[in-house]
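Printed here is upload_2.tsv (TSV, N, CA, C and O atoms):
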chain	number	residue	atom	x	y	z
A	1	MET	N	33.17	3.32	-33.95
A	1	MET	CA	33.27	4.10	-32.73
A	1	MET	C	32.05	3.81	-31.87
A	1	MET	O	30.95	3.73	-32.36
A	2	SER	N	32.28	3.67	-30.56
A	2	SER	CA	31.20	3.31	-29.65
A	2	SER	C	30.99	4.40	-28.62
A	2	SER	O	31.93	4.95	-28.08
A	3	ASP	N	29.72	4.70	-28.35
A	3	ASP	CA	29.36	5.65	-27.30
A	3	ASP	C	28.95	4.93	-26.03
A	3	ASP	O	28.40	5.54	-25.12
A	4	ASP	N	29.18	3.60	-25.96
A	4	ASP	CA	28.75	2.84	-24.81
A	4	ASP	C	29.37	3.41	-23.54
A	4	ASP	O	30.52	3.85	-23.52
A	5	VAL	N	28.59	3.40	-22.47
A	5	VAL	CA	29.02	3.90	-21.17
A	5	VAL	C	29.11	2.73	-20.19
A	5	VAL	O	28.61	1.64	-20.45
A	6	ASP	N	29.76	2.95	-19.05
A	6	ASP	CA	29.88	1.93	-18.01
A	6	ASP	C	28.57	1.89	-17.23
A	6	ASP	O	28.19	2.87	-16.59
A	7	VAL	N	27.88	0.75	-17.30
A	7	VAL	CA	26.56	0.61	-16.71
A	7	VAL	C	26.60	-0.41	-15.58
A	7	VAL	O	27.13	-1.51	-15.75
A	8	GLN	N	26.07	-0.02	-14.41
A	8	GLN	CA	25.91	-0.96	-13.31
A	8	GLN	C	24.42	-1.31	-13.21
A	8	GLN	O	23.57	-0.42	-13.19
A	9	VAL	N	24.15	-2.62	-13.15
A	9	VAL	CA	22.77	-3.09	-13.07
A	9	VAL	C	22.55	-3.75	-11.71
A	9	VAL	O	23.37	-4.55	-11.26
A	10	SER	N	21.47	-3.37	-11.06
A	10	SER	CA	21.13	-3.97	-9.78
A	10	SER	C	19.61	-4.17	-9.71
A	10	SER	O	18.85	-3.54	-10.44
A	11	GLN	N	19.22	-5.07	-8.82
A	11	GLN	CA	17.79	-5.35	-8.65
A	11	GLN	C	17.26	-4.54	-7.48
A	11	GLN	O	17.86	-4.52	-6.40
A	12	ASN	N	16.14	-3.88	-7.70
A	12	ASN	CA	15.43	-3.15	-6.65
A	12	ASN	C	14.12	-3.90	-6.42
A	12	ASN	O	13.13	-3.64	-7.09
A	13	GLU	N	14.16	-4.85	-5.49
A	13	GLU	CA	12.99	-5.71	-5.28
A	13	GLU	C	11.79	-4.92	-4.76
A	13	GLU	O	10.65	-5.26	-5.09
A	14	ASP	N	12.02	-3.88	-3.95
A	14	ASP	CA	10.92	-3.08	-3.43
A	14	ASP	C	10.12	-2.42	-4.54
A	14	ASP	O	8.90	-2.28	-4.46
A	15	GLU	N	10.82	-2.00	-5.60
A	15	GLU	CA	10.17	-1.33	-6.74
A	15	GLU	C	9.83	-2.30	-7.86
A	15	GLU	O	9.29	-1.89	-8.89
A	16	GLN	N	10.20	-3.56	-7.71
A	16	GLN	CA	10.02	-4.59	-8.72
A	16	GLN	C	10.59	-4.15	-10.08
A	16	GLN	O	9.91	-4.12	-11.10
A	17	ARG	N	11.89	-3.83	-10.02
A	17	ARG	CA	12.56	-3.44	-11.25
A	17	ARG	C	14.06	-3.69	-11.12
A	17	ARG	O	14.61	-3.73	-10.02
A	18	PHE	N	14.68	-3.88	-12.26
A	18	PHE	CA	16.13	-3.86	-12.35
A	18	PHE	C	16.50	-2.45	-12.78
A	18	PHE	O	15.82	-1.86	-13.63
A	19	GLU	N	17.55	-1.91	-12.19
A	19	GLU	CA	17.94	-0.54	-12.47
A	19	GLU	C	19.32	-0.50	-13.11
A	19	GLU	O	20.24	-1.21	-12.69
A	20	ALA	N	19.45	0.33	-14.12
A	20	ALA	CA	20.74	0.59	-14.76
A	20	ALA	C	21.20	1.97	-14.31
A	20	ALA	O	20.46	2.95	-14.44
A	21	ARG	N	22.42	2.02	-13.79
A	21	ARG	CA	22.96	3.30	-13.33
A	21	ARG	C	24.27	3.60	-14.05
A	21	ARG	O	25.07	2.70	-14.28
A	22	VAL	N	24.43	4.86	-14.39
A	22	VAL	CA	25.67	5.35	-15.00
A	22	VAL	C	26.16	6.47	-14.10
A	22	VAL	O	25.44	7.44	-13.86
A	23	ASP	N	27.37	6.30	-13.59
A	23	ASP	CA	27.94	7.27	-12.65
A	23	ASP	C	26.98	7.57	-11.50
A	23	ASP	O	26.81	8.72	-11.08
A	24	GLY	N	26.28	6.54	-11.02
A	24	GLY	CA	25.37	6.69	-9.90
A	24	GLY	C	23.99	7.20	-10.25
A	24	GLY	O	23.08	7.20	-9.43
A	25	GLU	N	23.81	7.66	-11.49
A	25	GLU	CA	22.51	8.20	-11.91
A	25	GLU	C	21.66	7.11	-12.53
A	25	GLU	O	22.15	6.32	-13.34
A	26	LEU	N	20.37	7.09	-12.18
A	26	LEU	CA	19.45	6.13	-12.77
A	26	LEU	C	19.29	6.43	-14.26
A	26	LEU	O	18.89	7.53	-14.63
A	27	ALA	N	19.66	5.47	-15.09
A	27	ALA	CA	19.63	5.67	-16.55
A	27	ALA	C	18.53	4.84	-17.21
A	27	ALA	O	18.12	5.15	-18.33
A	28	GLY	N	18.06	3.80	-16.54
A	28	GLY	CA	17.03	2.97	-17.13
A	28	GLY	C	16.52	1.95	-16.13
A	28	GLY	O	17.16	1.68	-15.12
A	29	SER	N	15.34	1.40	-16.44
A	29	SER	CA	14.71	0.41	-15.57
A	29	SER	C	14.01	-0.64	-16.40
A	29	SER	O	13.42	-0.33	-17.44
A	30	ALA	N	14.06	-1.88	-15.90
A	30	ALA	CA	13.29	-2.98	-16.48
A	30	ALA	C	12.34	-3.47	-15.39
A	30	ALA	O	12.77	-4.02	-14.37
A	31	TYR	N	11.06	-3.23	-15.60
A	31	TYR	CA	10.05	-3.55	-14.60
A	31	TYR	C	9.57	-4.99	-14.77
A	31	TYR	O	9.50	-5.50	-15.89
A	32	TYR	N	9.23	-5.60	-13.65
A	32	TYR	CA	8.80	-6.98	-13.69
A	32	TYR	C	7.75	-7.26	-12.62
A	32	TYR	O	7.57	-6.48	-11.68
A	33	GLU	N	7.10	-8.40	-12.78
A	33	GLU	CA	6.20	-8.94	-11.77
A	33	GLU	C	6.62	-10.40	-11.58
A	33	GLU	O	7.10	-11.03	-12.51
A	34	THR	N	6.45	-10.91	-10.38
A	34	THR	CA	6.78	-12.30	-10.13
A	34	THR	C	5.52	-13.07	-9.74
A	34	THR	O	4.61	-12.52	-9.12
A	35	ALA	N	5.50	-14.33	-10.13
A	35	ALA	CA	4.41	-15.22	-9.77
A	35	ALA	C	4.98	-16.64	-9.73
A	35	ALA	O	5.46	-17.14	-10.74
A	36	ASP	N	4.94	-17.23	-8.55
A	36	ASP	CA	5.46	-18.58	-8.36
A	36	ASP	C	6.86	-18.71	-8.96
A	36	ASP	O	7.78	-18.07	-8.50
A	37	ASP	N	6.97	-19.50	-10.02
A	37	ASP	CA	8.29	-19.75	-10.60
A	37	ASP	C	8.53	-18.94	-11.87
A	37	ASP	O	9.35	-19.30	-12.70
A	38	LEU	N	7.82	-17.81	-12.01
A	38	LEU	CA	7.96	-16.96	-13.20
A	38	LEU	C	8.36	-15.53	-12.81
A	38	LEU	O	7.97	-15.03	-11.76
A	39	ILE	N	9.12	-14.90	-13.70
A	39	ILE	CA	9.35	-13.46	-13.64
A	39	ILE	C	8.90	-12.90	-14.98
A	39	ILE	O	9.34	-13.36	-16.04
A	40	VAL	N	7.94	-11.99	-14.92
A	40	VAL	CA	7.33	-11.42	-16.12
A	40	VAL	C	7.87	-10.00	-16.30
A	40	VAL	O	7.59	-9.12	-15.48
A	41	PHE	N	8.67	-9.81	-17.35
A	41	PHE	CA	9.16	-8.47	-17.65
A	41	PHE	C	8.07	-7.72	-18.40
A	41	PHE	O	7.61	-8.16	-19.45
A	42	THR	N	7.63	-6.59	-17.83
A	42	THR	CA	6.47	-5.88	-18.37
A	42	THR	C	6.82	-4.62	-19.15
A	42	THR	O	6.08	-4.23	-20.04
A	43	HIS	N	7.93	-3.98	-18.80
A	43	HIS	CA	8.24	-2.70	-19.43
A	43	HIS	C	9.71	-2.35	-19.18
A	43	HIS	O	10.21	-2.58	-18.08
A	44	THR	N	10.36	-1.82	-20.18
A	44	THR	CA	11.74	-1.34	-20.03
A	44	THR	C	11.80	0.08	-20.56
A	44	THR	O	11.21	0.38	-21.60
A	45	GLU	N	12.49	0.94	-19.83
A	45	GLU	CA	12.67	2.30	-20.30
A	45	GLU	C	14.09	2.77	-20.03
A	45	GLU	O	14.70	2.38	-19.04
A	46	VAL	N	14.60	3.58	-20.94
A	46	VAL	CA	15.92	4.17	-20.80
A	46	VAL	C	15.75	5.68	-20.95
A	46	VAL	O	15.06	6.15	-21.86
A	47	ASP	N	16.35	6.42	-20.04
A	47	ASP	CA	16.29	7.88	-20.09
A	47	ASP	C	16.83	8.37	-21.43
A	47	ASP	O	17.82	7.85	-21.94
A	48	ASP	N	16.18	9.37	-21.99
A	48	ASP	CA	16.57	9.90	-23.30
A	48	ASP	C	18.05	10.26	-23.37
A	48	ASP	O	18.68	10.10	-24.41
A	49	ALA	N	18.62	10.73	-22.29
A	49	ALA	CA	20.03	11.14	-22.28
A	49	ALA	C	20.97	9.96	-22.51
A	49	ALA	O	22.12	10.16	-22.89
A	50	TYR	N	20.47	8.74	-22.32
A	50	TYR	CA	21.32	7.56	-22.45
A	50	TYR	C	20.94	6.68	-23.63
A	50	TYR	O	21.52	5.61	-23.81
A	51	GLU	N	20.00	7.12	-24.44
A	51	GLU	CA	19.60	6.36	-25.63
A	51	GLU	C	20.81	6.16	-26.55
A	51	GLU	O	21.61	7.08	-26.74
A	52	GLY	N	20.94	4.95	-27.09
A	52	GLY	CA	22.00	4.67	-28.05
A	52	GLY	C	23.38	4.50	-27.45
A	52	GLY	O	24.37	4.47	-28.17
A	53	LYS	N	23.45	4.39	-26.12
A	53	LYS	CA	24.75	4.27	-25.46
A	53	LYS	C	24.96	2.89	-24.83
A	53	LYS	O	25.86	2.71	-24.03
A	54	GLY	N	24.11	1.93	-25.17
A	54	GLY	CA	24.28	0.57	-24.66
A	54	GLY	C	23.62	0.31	-23.32
A	54	GLY	O	23.76	-0.78	-22.76
A	55	VAL	N	22.89	1.29	-22.79
A	55	VAL	CA	22.27	1.13	-21.48
A	55	VAL	C	21.18	0.06	-21.51
A	55	VAL	O	21.12	-0.80	-20.64
A	56	GLY	N	20.33	0.10	-22.52
A	56	GLY	CA	19.25	-0.88	-22.61
A	56	GLY	C	19.78	-2.30	-22.72
A	56	GLY	O	19.28	-3.22	-22.05
A	57	SER	N	20.77	-2.50	-23.54
A	57	SER	CA	21.35	-3.83	-23.71
A	57	SER	C	22.02	-4.30	-22.43
A	57	SER	O	21.85	-5.46	-22.01
A	58	ALA	N	22.76	-3.42	-21.76
A	58	ALA	CA	23.39	-3.78	-20.49
A	58	ALA	C	22.33	-4.10	-19.44
A	58	ALA	O	22.50	-5.02	-18.63
A	59	LEU	N	21.24	-3.36	-19.45
A	59	LEU	CA	20.14	-3.58	-18.51
A	59	LEU	C	19.50	-4.95	-18.75
A	59	LEU	O	19.30	-5.72	-17.80
A	60	ALA	N	19.20	-5.27	-20.00
A	60	ALA	CA	18.60	-6.56	-20.32
A	60	ALA	C	19.54	-7.70	-19.91
A	60	ALA	O	19.13	-8.66	-19.26
A	61	LYS	N	20.81	-7.59	-20.29
A	61	LYS	CA	21.78	-8.64	-19.95
A	61	LYS	C	21.92	-8.78	-18.45
A	61	LYS	O	21.92	-9.90	-17.91
A	62	GLY	N	22.05	-7.68	-17.75
A	62	GLY	CA	22.22	-7.72	-16.29
A	62	GLY	C	21.02	-8.33	-15.60
A	62	GLY	O	21.16	-9.14	-14.67
A	63	ALA	N	19.82	-7.96	-16.04
A	63	ALA	CA	18.60	-8.50	-15.44
A	63	ALA	C	18.50	-10.00	-15.69
A	63	ALA	O	18.22	-10.78	-14.77
A	64	LEU	N	18.75	-10.41	-16.92
A	64	LEU	CA	18.63	-11.84	-17.26
A	64	LEU	C	19.74	-12.65	-16.60
A	64	LEU	O	19.50	-13.80	-16.18
A	65	ASP	N	20.92	-12.09	-16.48
A	65	ASP	CA	22.00	-12.78	-15.76
A	65	ASP	C	21.61	-12.99	-14.30
A	65	ASP	O	21.90	-14.04	-13.71
A	66	ALA	N	20.95	-12.00	-13.70
A	66	ALA	CA	20.52	-12.12	-12.31
A	66	ALA	C	19.45	-13.20	-12.16
A	66	ALA	O	19.46	-13.97	-11.20
A	67	VAL	N	18.53	-13.25	-13.12
A	67	VAL	CA	17.50	-14.30	-13.09
A	67	VAL	C	18.16	-15.67	-13.20
A	67	VAL	O	17.82	-16.60	-12.47
A	68	ARG	N	19.12	-15.79	-14.10
A	68	ARG	CA	19.83	-17.06	-14.27
A	68	ARG	C	20.58	-17.45	-12.99
A	68	ARG	O	20.52	-18.58	-12.54
A	69	ALA	N	21.28	-16.50	-12.40
A	69	ALA	CA	22.05	-16.78	-11.19
A	69	ALA	C	21.14	-17.19	-10.04
A	69	ALA	O	21.49	-18.07	-9.24
A	70	ASP	N	19.98	-16.57	-9.95
A	70	ASP	CA	19.03	-16.90	-8.89
A	70	ASP	C	18.48	-18.32	-9.08
A	70	ASP	O	18.32	-19.06	-8.12
A	71	GLY	N	18.17	-18.66	-10.33
A	71	GLY	CA	17.78	-20.03	-10.67
A	71	GLY	C	16.38	-20.46	-10.27
A	71	GLY	O	16.00	-21.60	-10.51
A	72	ARG	N	15.59	-19.59	-9.70
A	72	ARG	CA	14.25	-19.99	-9.23
A	72	ARG	C	13.14	-19.76	-10.24
A	72	ARG	O	12.07	-20.31	-10.10
A	73	ARG	N	13.37	-18.90	-11.24
A	73	ARG	CA	12.27	-18.49	-12.10
A	73	ARG	C	12.61	-18.59	-13.58
A	73	ARG	O	13.75	-18.44	-13.98
A	74	LYS	N	11.57	-18.80	-14.36
A	74	LYS	CA	11.65	-18.72	-15.81
A	74	LYS	C	11.12	-17.35	-16.24
A	74	LYS	O	10.30	-16.73	-15.54
A	75	VAL	N	11.54	-16.89	-17.40
A	75	VAL	CA	11.22	-15.56	-17.89
A	75	VAL	C	10.03	-15.58	-18.85
A	75	VAL	O	9.96	-16.42	-19.74
A	76	VAL	N	9.14	-14.62	-18.65
A	76	VAL	CA	8.06	-14.34	-19.60
A	76	VAL	C	8.30	-12.90	-20.07
A	76	VAL	O	8.09	-11.95	-19.32
A	77	PRO	N	8.79	-12.73	-21.32
A	77	PRO	CA	9.14	-11.38	-21.79
A	77	PRO	C	7.96	-10.67	-22.47
A	77	PRO	O	7.86	-10.63	-23.68
A	78	ARG	N	7.06	-10.10	-21.67
A	78	ARG	CA	5.95	-9.33	-22.26
A	78	ARG	C	6.45	-8.01	-22.81
A	78	ARG	O	5.82	-7.42	-23.69
A	79	CYS	N	7.55	-7.53	-22.28
A	79	CYS	CA	8.16	-6.29	-22.77
A	79	CYS	C	8.82	-6.56	-24.12
A	79	CYS	O	9.66	-7.46	-24.23
A	80	PRO	N	8.46	-5.81	-25.16
A	80	PRO	CA	9.05	-6.04	-26.48
A	80	PRO	C	10.57	-5.87	-26.50
A	80	PRO	O	11.26	-6.55	-27.26
A	81	PHE	N	11.11	-4.98	-25.68
A	81	PHE	CA	12.56	-4.79	-25.67
A	81	PHE	C	13.27	-6.03	-25.15
A	81	PHE	O	14.23	-6.51	-25.75
A	82	ILE	N	12.81	-6.56	-24.02
A	82	ILE	CA	13.43	-7.76	-23.45
A	82	ILE	C	13.26	-8.94	-24.39
A	82	ILE	O	14.20	-9.72	-24.63
A	83	LYS	N	12.07	-9.07	-24.99
A	83	LYS	CA	11.83	-10.16	-25.94
A	83	LYS	C	12.80	-10.05	-27.12
A	83	LYS	O	13.41	-11.03	-27.53
A	84	GLY	N	12.94	-8.85	-27.66
A	84	GLY	CA	13.84	-8.64	-28.80
A	84	GLY	C	15.29	-8.93	-28.44
A	84	GLY	O	16.03	-9.50	-29.25
A	85	TRP	N	15.69	-8.57	-27.23
A	85	TRP	CA	17.06	-8.81	-26.80
A	85	TRP	C	17.32	-10.31	-26.71
A	85	TRP	O	18.35	-10.80	-27.18
A	86	ILE	N	16.38	-11.05	-26.15
A	86	ILE	CA	16.52	-12.51	-26.06
A	86	ILE	C	16.55	-13.11	-27.46
A	86	ILE	O	17.36	-14.01	-27.74
A	87	ASP	N	15.72	-12.60	-28.36
A	87	ASP	CA	15.71	-13.11	-29.75
A	87	ASP	C	17.08	-12.93	-30.40
A	87	ASP	O	17.51	-13.77	-31.20
A	88	ARG	N	17.78	-11.85	-30.07
A	88	ARG	CA	19.10	-11.57	-30.65
A	88	ARG	C	20.23	-12.28	-29.91
A	88	ARG	O	21.37	-12.28	-30.38
A	89	HIS	N	19.94	-12.86	-28.76
A	89	HIS	CA	20.94	-13.54	-27.94
A	89	HIS	C	20.42	-14.93	-27.58
A	89	HIS	O	19.93	-15.15	-26.47
A	90	PRO	N	20.53	-15.87	-28.52
A	90	PRO	CA	19.91	-17.19	-28.32
A	90	PRO	C	20.42	-17.95	-27.11
A	90	PRO	O	19.74	-18.84	-26.61
A	91	ASP	N	21.59	-17.60	-26.60
A	91	ASP	CA	22.10	-18.29	-25.41
A	91	ASP	C	21.30	-17.95	-24.15
A	91	ASP	O	21.53	-18.54	-23.10
A	92	TYR	N	20.33	-17.03	-24.26
A	92	TYR	CA	19.45	-16.70	-23.13
A	92	TYR	C	18.06	-17.34	-23.29
A	92	TYR	O	17.25	-17.21	-22.39
A	93	ARG	N	17.81	-18.02	-24.39
A	93	ARG	CA	16.48	-18.60	-24.62
A	93	ARG	C	16.13	-19.68	-23.61
A	93	ARG	O	14.96	-19.94	-23.38
A	94	ASP	N	17.15	-20.30	-23.00
A	94	ASP	CA	16.87	-21.33	-22.00
A	94	ASP	C	16.16	-20.76	-20.77
A	94	ASP	O	15.55	-21.51	-20.00
A	95	LEU	N	16.19	-19.45	-20.60
A	95	LEU	CA	15.51	-18.83	-19.47
A	95	LEU	C	14.00	-18.68	-19.71
A	95	LEU	O	13.26	-18.44	-18.76
A	96	LEU	N	13.58	-18.79	-20.95
A	96	LEU	CA	12.17	-18.59	-21.27
A	96	LEU	C	11.29	-19.68	-20.69
A	96	LEU	O	11.68	-20.84	-20.62
A	97	GLU	N	10.09	-19.28	-20.29
A	97	GLU	CA	9.14	-20.21	-19.70
A	97	GLU	C	8.91	-21.42	-20.59
A	97	GLU	O	8.85	-22.55	-20.13
A	98	HIS	N	8.79	-21.19	-21.87
A	98	HIS	CA	8.48	-22.27	-22.82
A	98	HIS	C	9.73	-22.89	-23.44
A	98	HIS	O	9.64	-23.60	-24.42
A	99	ALA	N	10.90	-22.60	-22.88
A	99	ALA	CA	12.14	-23.16	-23.44
A	99	ALA	C	12.14	-24.68	-23.32
A	99	ALA	O	11.60	-25.24	-22.39
A	100	GLY	N	12.78	-25.30	-24.27
A	100	GLY	CA	12.86	-26.74	-24.21
A	100	GLY	C	12.65	-27.27	-25.53
A	100	GLY	O	13.04	-28.13	-26.12
Let me see whether you can do it: turn the structure in this file into structure tokens.
Amino acid sequence: MSDDVDVQVSQNEDEQRFEARVDGELAGSAYYETADDLIVFTHTEVDDAYEGKGVGSALAKGALDAVRADGRRKVVPRCPFIKGWIDRHPDYRDLLEHAG
């Protein structure tokens, strides 16, 4: 049985974060910094009310899919959550700065 909820992920460039929303409510954020051809994920947080409902995973996937679609930057996952998600999803390792 799954408690996963429908999560919409969007980029908020002004706040330098990707946002996960459930029914319009902010449920989580993945913060980043950019430098030249890099995007450095620094911190990810999910509201306690949405813990264990797939929000963090949807947020990581949505953020990394956006980075891939943009195509300008490689990922530096300083955030342990983003790093762990990439470790569990090897098809995203090509986005890493040191990939190759």
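The gap separating CA of Val67 in chain A from CA of Ile82 in chain A is 12.9 Å, in Å to one decimal.
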Please report, as a Markdown table, each residue of range 47-90 of chain A lying at most 7 Å from range 20-29 of chain A, together with the nearest pair of atoms and the separation in Å rounded to one decimal; use only N, CA, C and O atoms, and order rows by chain and ascending residue number.
| residue | atom | partner | partner_atom | distance |
| --- | --- | --- | --- | --- |
| A:Asp47 | N | A:Ala27 | O | 2.8 |
| A:Asp48 | N | A:Ala27 | O | 5.9 |
| A:Ala49 | N | A:Ala27 | O | 6.9 |
| A:Tyr50 | CA | A:Ala27 | O | 5.7 |
| A:Glu51 | N | A:Ala27 | O | 6.7 |
| A:Val55 | O | A:Ala20 | CA | 6.1 |
| A:Gly56 | N | A:Ala27 | O | 6.9 |
| A:Ala58 | C | A:Ala20 | CA | 6.8 |
| A:Leu59 | CA | A:Ala20 | CA | 5.6 |
Output the selection as a short mmCIF file (atom, residue, chain, number, x, y, z; two decimals), in the frame of the given file - N, CA, C and O atoms for each residue.
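The new file selection08.cif reads:
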data_model
loop_
_atom_site.label_atom_id
_atom_site.label_comp_id
_atom_site.auth_asym_id
_atom_site.auth_seq_id
_atom_site.Cartn_x
_atom_site.Cartn_y
_atom_site.Cartn_z
N ASP A 47 16.35 6.42 -20.04
CA ASP A 47 16.29 7.88 -20.09
C ASP A 47 16.83 8.37 -21.43
O ASP A 47 17.82 7.85 -21.94
N ASP A 48 16.18 9.37 -21.99
CA ASP A 48 16.57 9.90 -23.30
C ASP A 48 18.05 10.26 -23.37
O ASP A 48 18.68 10.10 -24.41
N ALA A 49 18.62 10.73 -22.29
CA ALA A 49 20.03 11.14 -22.28
C ALA A 49 20.97 9.96 -22.51
O ALA A 49 22.12 10.16 -22.89
N TYR A 50 20.47 8.74 -22.32
CA TYR A 50 21.32 7.56 -22.45
C TYR A 50 20.94 6.68 -23.63
O TYR A 50 21.52 5.61 -23.81
N GLU A 51 20.00 7.12 -24.44
CA GLU A 51 19.60 6.36 -25.63
C GLU A 51 20.81 6.16 -26.55
O GLU A 51 21.61 7.08 -26.74
N VAL A 55 22.89 1.29 -22.79
CA VAL A 55 22.27 1.13 -21.48
C VAL A 55 21.18 0.06 -21.51
O VAL A 55 21.12 -0.80 -20.64
N GLY A 56 20.33 0.10 -22.52
CA GLY A 56 19.25 -0.88 -22.61
C GLY A 56 19.78 -2.30 -22.72
O GLY A 56 19.28 -3.22 -22.05
N ALA A 58 22.76 -3.42 -21.76
CA ALA A 58 23.39 -3.78 -20.49
C ALA A 58 22.33 -4.10 -19.44
O ALA A 58 22.50 -5.02 -18.63
N LEU A 59 21.24 -3.36 -19.45
CA LEU A 59 20.14 -3.58 -18.51
C LEU A 59 19.50 -4.95 -18.75
O LEU A 59 19.30 -5.72 -17.80
#
Quick one: DSSP helix (DSSP H, G or I) residues in chain A, as a PyMOL selection string? chain A and resi 13-15+48-50+55-70+80-88+90-95
Just give me the gap between atom O of Glu19 in chain A and CA of Glu45 in chain A in Å, one decimal is fine. 11.3 Å
Which of these residues is nearest to Tyr31 in chain A, using all atoms listed in the file: A:Arg78, A:His98, A:Arg73, A:His89? A:Arg78
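Taking atom C of Gly54 in chain A and atom N of Arg72 in chain A as endpoints, the distance between them is 25.4 Å.
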Near Gln16 in chain A, within 7 Å and counting only N, CA, C and O atoms, which residues show up once chain neighbours fewer than 6 positions away are dropped, as a list in words?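 Listing them by chain and then by number gives Ala30, Tyr31, Tyr32 and Glu33 of chain A.
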Write out as lines of an AutoDock Vina configuration file an axis-aligned box for range 38-46 of chain A: all of its atoms listed in the file, 8 Å added on each side, centre and edge lengths in Å with one decimal.
center_x = 11.0
center_y = -5.8
center_z = -16.8
size_x = 25.8
size_y = 40.0
size_z = 26.1
List every residue of range 31-77 of chain A that DSSP, applied to the backbone of this structure, places in strand (DSSP E), and write the result as an MDAnalysis selection string. chainID A and resid 31:35 38:46 74:77
A:Lys53, A:Thr44, A:Leu38, A:Lys61 ranked by distance to Asp6 in chain A, top pick (using all atoms listed in the file):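 Between A:Lys53, A:Thr44, A:Leu38, A:Lys61, the residue approaching Asp6 in chain A most closely is A:Lys53.
Across A:Thr42, A:Ala63, A:Leu95, A:Ala35, the tightest approach to Gln8 in chain A is made by A:Ala63 when counting only C-alpha atoms.
Using only N, CA, C and O atoms, the residues found no farther than 8 Å from Pro77 in chain A, other than those of its own chain fewer than 3 positions away, are Ile39, Val40, Phe41, Thr42, His43, Lys74, Pro80, Phe81, Ile82, Lys83, Gly84, Leu95, Leu96 and Glu97 of chain A.
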